[in-house]
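Okay, input_32.pdb is below, PDB, C-alpha atoms:
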ATOM      1  CA  MET A   1     -13.062   5.163  10.908
ATOM      2  CA  ILE A   2     -15.692   2.462  11.319
ATOM      3  CA  ILE A   3     -18.389   5.113  11.032
ATOM      4  CA  LEU A   4     -16.987   6.114   7.637
ATOM      5  CA  PHE A   5     -17.082   2.479   6.497
ATOM      6  CA  ILE A   6     -20.695   2.138   7.576
ATOM      7  CA  ILE A   7     -21.719   5.392   5.904
ATOM      8  CA  SER A   8     -19.979   4.480   2.657
ATOM      9  CA  ILE A   9     -21.575   1.020   2.585
ATOM     10  CA  VAL A  10     -25.045   2.486   3.182
ATOM     11  CA  ILE A  11     -24.517   5.093   0.475
ATOM     12  CA  GLY A  12     -23.144   2.442  -1.897
ATOM     13  CA  ILE A  13     -26.145   0.201  -1.387
ATOM     14  CA  ALA A  14     -28.532   3.147  -1.743
ATOM     15  CA  GLY A  15     -26.793   4.100  -4.970
ATOM     16  CA  LEU A  16     -27.112   0.545  -6.238
ATOM     17  CA  ILE A  17     -30.852   0.564  -5.503
ATOM     18  CA  PHE A  18     -31.390   3.730  -7.547
ATOM     19  CA  LEU A  19     -29.510   2.483 -10.621
ATOM     20  CA  SER A  20     -31.362   1.566 -13.771
ATOM     21  CA  GLU A  21     -31.011  -1.874 -15.326
ATOM     22  CA  ALA A  22     -28.619  -0.480 -17.910
ATOM     23  CA  THR A  23     -26.137   0.760 -15.292
ATOM     24  CA  THR A  24     -26.434  -1.979 -12.659
ATOM     25  CA  GLY A  25     -23.251  -3.657 -13.901
ATOM     26  CA  VAL A  26     -21.293  -0.455 -13.479
ATOM     27  CA  GLY A  27     -22.728  -0.057  -9.992
ATOM     28  CA  LEU A  28     -21.639  -3.571  -9.033
ATOM     29  CA  ILE A  29     -18.142  -2.876 -10.329
ATOM     30  CA  GLY A  30     -18.109   0.295  -8.236
ATOM     31  CA  LEU A  31     -19.122  -1.643  -5.120
ATOM     32  CA  ALA A  32     -16.428  -4.227  -5.841
ATOM     33  CA  CYS A  33     -13.871  -1.410  -6.029
ATOM     34  CA  LEU A  34     -15.188  -0.002  -2.749
ATOM     35  CA  PHE A  35     -14.756  -3.365  -1.009
ATOM     36  CA  GLY A  36     -11.268  -3.684  -2.487
ATOM     37  CA  ILE A  37     -10.379  -0.301  -1.035
ATOM     38  CA  PHE A  38     -11.756  -1.412   2.341
ATOM     39  CA  ALA A  39      -9.629  -4.555   2.212
ATOM     40  CA  ARG A  40      -6.496  -2.531   1.442
ATOM     41  CA  ILE A  41      -7.196  -0.099   4.293
ATOM     42  CA  ALA A  42      -7.682  -3.000   6.710
ATOM     43  CA  GLN A  43      -4.439  -4.606   5.506
ATOM     44  CA  ALA A  44      -2.508  -1.357   5.935
ATOM     45  CA  ALA A  45      -3.924  -0.860   9.431
ATOM     46  CA  SER A  46      -2.953  -4.408  10.397
ATOM     47  CA  ASN A  47       0.585  -3.966   9.080
ATOM     48  CA  ASN A  48       0.879  -0.613  10.839
ATOM     49  CA  ASN A  49      -0.175  -2.150  14.159
ATOM     50  CA  LYS A  50       2.370  -4.960  13.739
ATOM     51  CA  ILE A  51       5.171  -2.488  13.006
ATOM     52  CA  ILE A  52       4.263  -0.322  15.995
ATOM     53  CA  LYS A  53       4.245  -3.380  18.267
ATOM     54  CA  LEU A  54       7.623  -4.484  16.912
ATOM     55  CA  LEU A  55       9.132  -1.038  17.412
ATOM     56  CA  LYS A  56       7.830  -0.848  20.984
ATOM     57  CA  ASN A  57       9.293  -4.282  21.752
ATOM     58  CA  ARG A  58      12.661  -3.214  20.318
ATOM     59  CA  LEU A  59      12.592  -0.037  22.375
ATOM     60  CA  ILE A  60      11.869  -2.017  25.538
ATOM     61  CA  GLU A  61      14.674  -4.476  24.722
ATOM     62  CA  THR A  62      17.102  -1.607  24.139
ATOM     63  CA  LYS A  63      16.192   0.031  27.458
ATOM     64  CA  ASN A  64      16.595  -3.292  29.269
ATOM     65  CA  GLN A  65      20.064  -3.821  27.782
ATOM     66  CA  GLU A  66      21.265  -0.457  29.054
TER      67      GLU A  66
END

Written as structure tokens, that's how I'd like the structure from this file.
Amino acid sequence: MIILFIISIVIGIAGLIFLSEATTGVGLIGLACLFGIFARIAQAASNNNKIIKLLKNRLIETKNQE
């Protein structure tokens, strides 16, 4: 997944370099959206890891109670 982030950042920056002055603003908005998507993916991954850890701890507690 990190490779996809790196590739998309490189392509985004390359796209920004090739924009004309008239469309630079749109390109910056596009990059801002890309970084927002990255932030949401990172947040979802963090929440998913926390839930998995919680479920594993509950499973261990349940086995220990039996």

So that all listed atoms of region 6-10 of chain A fit with 5 Å spare on each side, what axis-aligned box centre and edge lengths in Å, to one decimal, would you give as AutoDock Vina command-line options?
--center_x -22.5 --center_y 3.2 --center_z 5.1 --size_x 15.1 --size_y 14.4 --size_z 15.0

Quick one: of A:Gln43, A:Ile52, A:Ile13, A:Leu19, who's nearest to Leu31 (chain A), counting all atoms listed in the file?
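Under the stated criterion, the closest residue is A:Ile13.
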
Kindly give the distance, in Å, that separates CA of Leu16 (chain A) and CA of Ala45 (chain A), rounded to a single decimal.
28.0 Å

For this file, the PyMOL selection byres ((chain A and resi 34) around 12) selects which residues, as a list in words?
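Selection result, ordered by chain and number: Phe5, Ile6, Ser8, Ile9, Val10, Ile11, Gly12, Ile13, Gly27, Leu28, Ile29, Gly30, Leu31, Ala32, Cys33, Phe35, Gly36, Ile37, Phe38, Ala39, Arg40 and Ile41 of chain A.
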
Because some atoms of region 41-63 of chain A are absent here, can you restore N, CA, C and O atoms and send them as a short mmCIF file (atom, residue, chain, number, x, y, z; two decimals), in the frame of the given file?
data_model
loop_
_atom_site.label_atom_id
_atom_site.label_comp_id
_atom_site.auth_asym_id
_atom_site.auth_seq_id
_atom_site.Cartn_x
_atom_site.Cartn_y
_atom_site.Cartn_z
N ILE A 41 -7.30 -0.92 3.08
CA ILE A 41 -7.20 -0.10 4.29
C ILE A 41 -7.03 -0.99 5.51
O ILE A 41 -6.21 -0.72 6.39
N ALA A 42 -7.80 -2.07 5.58
CA ALA A 42 -7.68 -3.00 6.71
C ALA A 42 -6.30 -3.65 6.73
O ALA A 42 -5.70 -3.81 7.81
N GLN A 43 -5.77 -4.01 5.57
CA GLN A 43 -4.44 -4.61 5.51
C GLN A 43 -3.38 -3.61 5.96
O GLN A 43 -2.47 -3.97 6.73
N ALA A 44 -3.48 -2.38 5.53
CA ALA A 44 -2.51 -1.36 5.94
C ALA A 44 -2.58 -1.10 7.43
O ALA A 44 -1.55 -0.93 8.09
N ALA A 45 -3.78 -1.07 7.99
CA ALA A 45 -3.92 -0.86 9.43
C ALA A 45 -3.31 -2.01 10.22
O ALA A 45 -2.64 -1.81 11.23
N SER A 46 -3.52 -3.24 9.73
CA SER A 46 -2.95 -4.41 10.40
C SER A 46 -1.43 -4.37 10.36
O SER A 46 -0.77 -4.60 11.38
N ASN A 47 -0.87 -4.06 9.20
CA ASN A 47 0.58 -3.97 9.08
C ASN A 47 1.14 -2.85 9.95
O ASN A 47 2.20 -3.00 10.57
N ASN A 48 0.44 -1.73 10.01
CA ASN A 48 0.88 -0.61 10.84
C ASN A 48 0.90 -1.00 12.31
O ASN A 48 1.86 -0.69 13.03
N ASN A 49 -0.13 -1.71 12.76
CA ASN A 49 -0.18 -2.15 14.16
C ASN A 49 0.96 -3.12 14.47
O ASN A 49 1.56 -3.06 15.55
N LYS A 50 1.27 -4.02 13.53
CA LYS A 50 2.37 -4.96 13.74
C LYS A 50 3.71 -4.23 13.83
O LYS A 50 4.54 -4.56 14.68
N ILE A 51 3.92 -3.25 12.98
CA ILE A 51 5.17 -2.49 13.01
C ILE A 51 5.30 -1.70 14.30
O ILE A 51 6.38 -1.65 14.91
N ILE A 52 4.23 -1.08 14.74
CA ILE A 52 4.26 -0.32 16.00
C ILE A 52 4.59 -1.24 17.16
O ILE A 52 5.41 -0.91 18.03
N LYS A 53 3.97 -2.42 17.20
CA LYS A 53 4.24 -3.38 18.27
C LYS A 53 5.71 -3.82 18.24
O LYS A 53 6.36 -3.90 19.28
N LEU A 54 6.23 -4.08 17.05
CA LEU A 54 7.62 -4.48 16.91
C LEU A 54 8.57 -3.38 17.38
O LEU A 54 9.53 -3.65 18.11
N LEU A 55 8.28 -2.16 16.99
CA LEU A 55 9.13 -1.04 17.41
C LEU A 55 9.09 -0.83 18.93
O LEU A 55 10.12 -0.54 19.55
N LYS A 56 7.93 -0.98 19.53
CA LYS A 56 7.83 -0.85 20.98
C LYS A 56 8.62 -1.94 21.68
O LYS A 56 9.30 -1.68 22.67
N ASN A 57 8.53 -3.18 21.16
CA ASN A 57 9.29 -4.28 21.75
C ASN A 57 10.79 -4.03 21.63
O ASN A 57 11.55 -4.29 22.57
N ARG A 58 11.24 -3.52 20.51
CA ARG A 58 12.66 -3.21 20.32
C ARG A 58 13.11 -2.11 21.27
O ARG A 58 14.20 -2.17 21.81
N LEU A 59 12.26 -1.14 21.47
CA LEU A 59 12.59 -0.04 22.38
C LEU A 59 12.71 -0.55 23.80
O LEU A 59 13.64 -0.18 24.53
N ILE A 60 11.82 -1.43 24.19
CA ILE A 60 11.87 -2.02 25.54
C ILE A 60 13.13 -2.86 25.69
O ILE A 60 13.82 -2.79 26.72
N GLU A 61 13.46 -3.65 24.67
CA GLU A 61 14.67 -4.48 24.72
C GLU A 61 15.92 -3.60 24.83
O GLU A 61 16.85 -3.92 25.57
N THR A 62 15.96 -2.51 24.10
CA THR A 62 17.10 -1.61 24.14
C THR A 62 17.24 -0.97 25.51
O THR A 62 18.36 -0.86 26.05
N LYS A 63 16.14 -0.56 26.11
CA LYS A 63 16.19 0.03 27.46
C LYS A 63 16.64 -0.99 28.48
O LYS A 63 17.37 -0.67 29.41
#
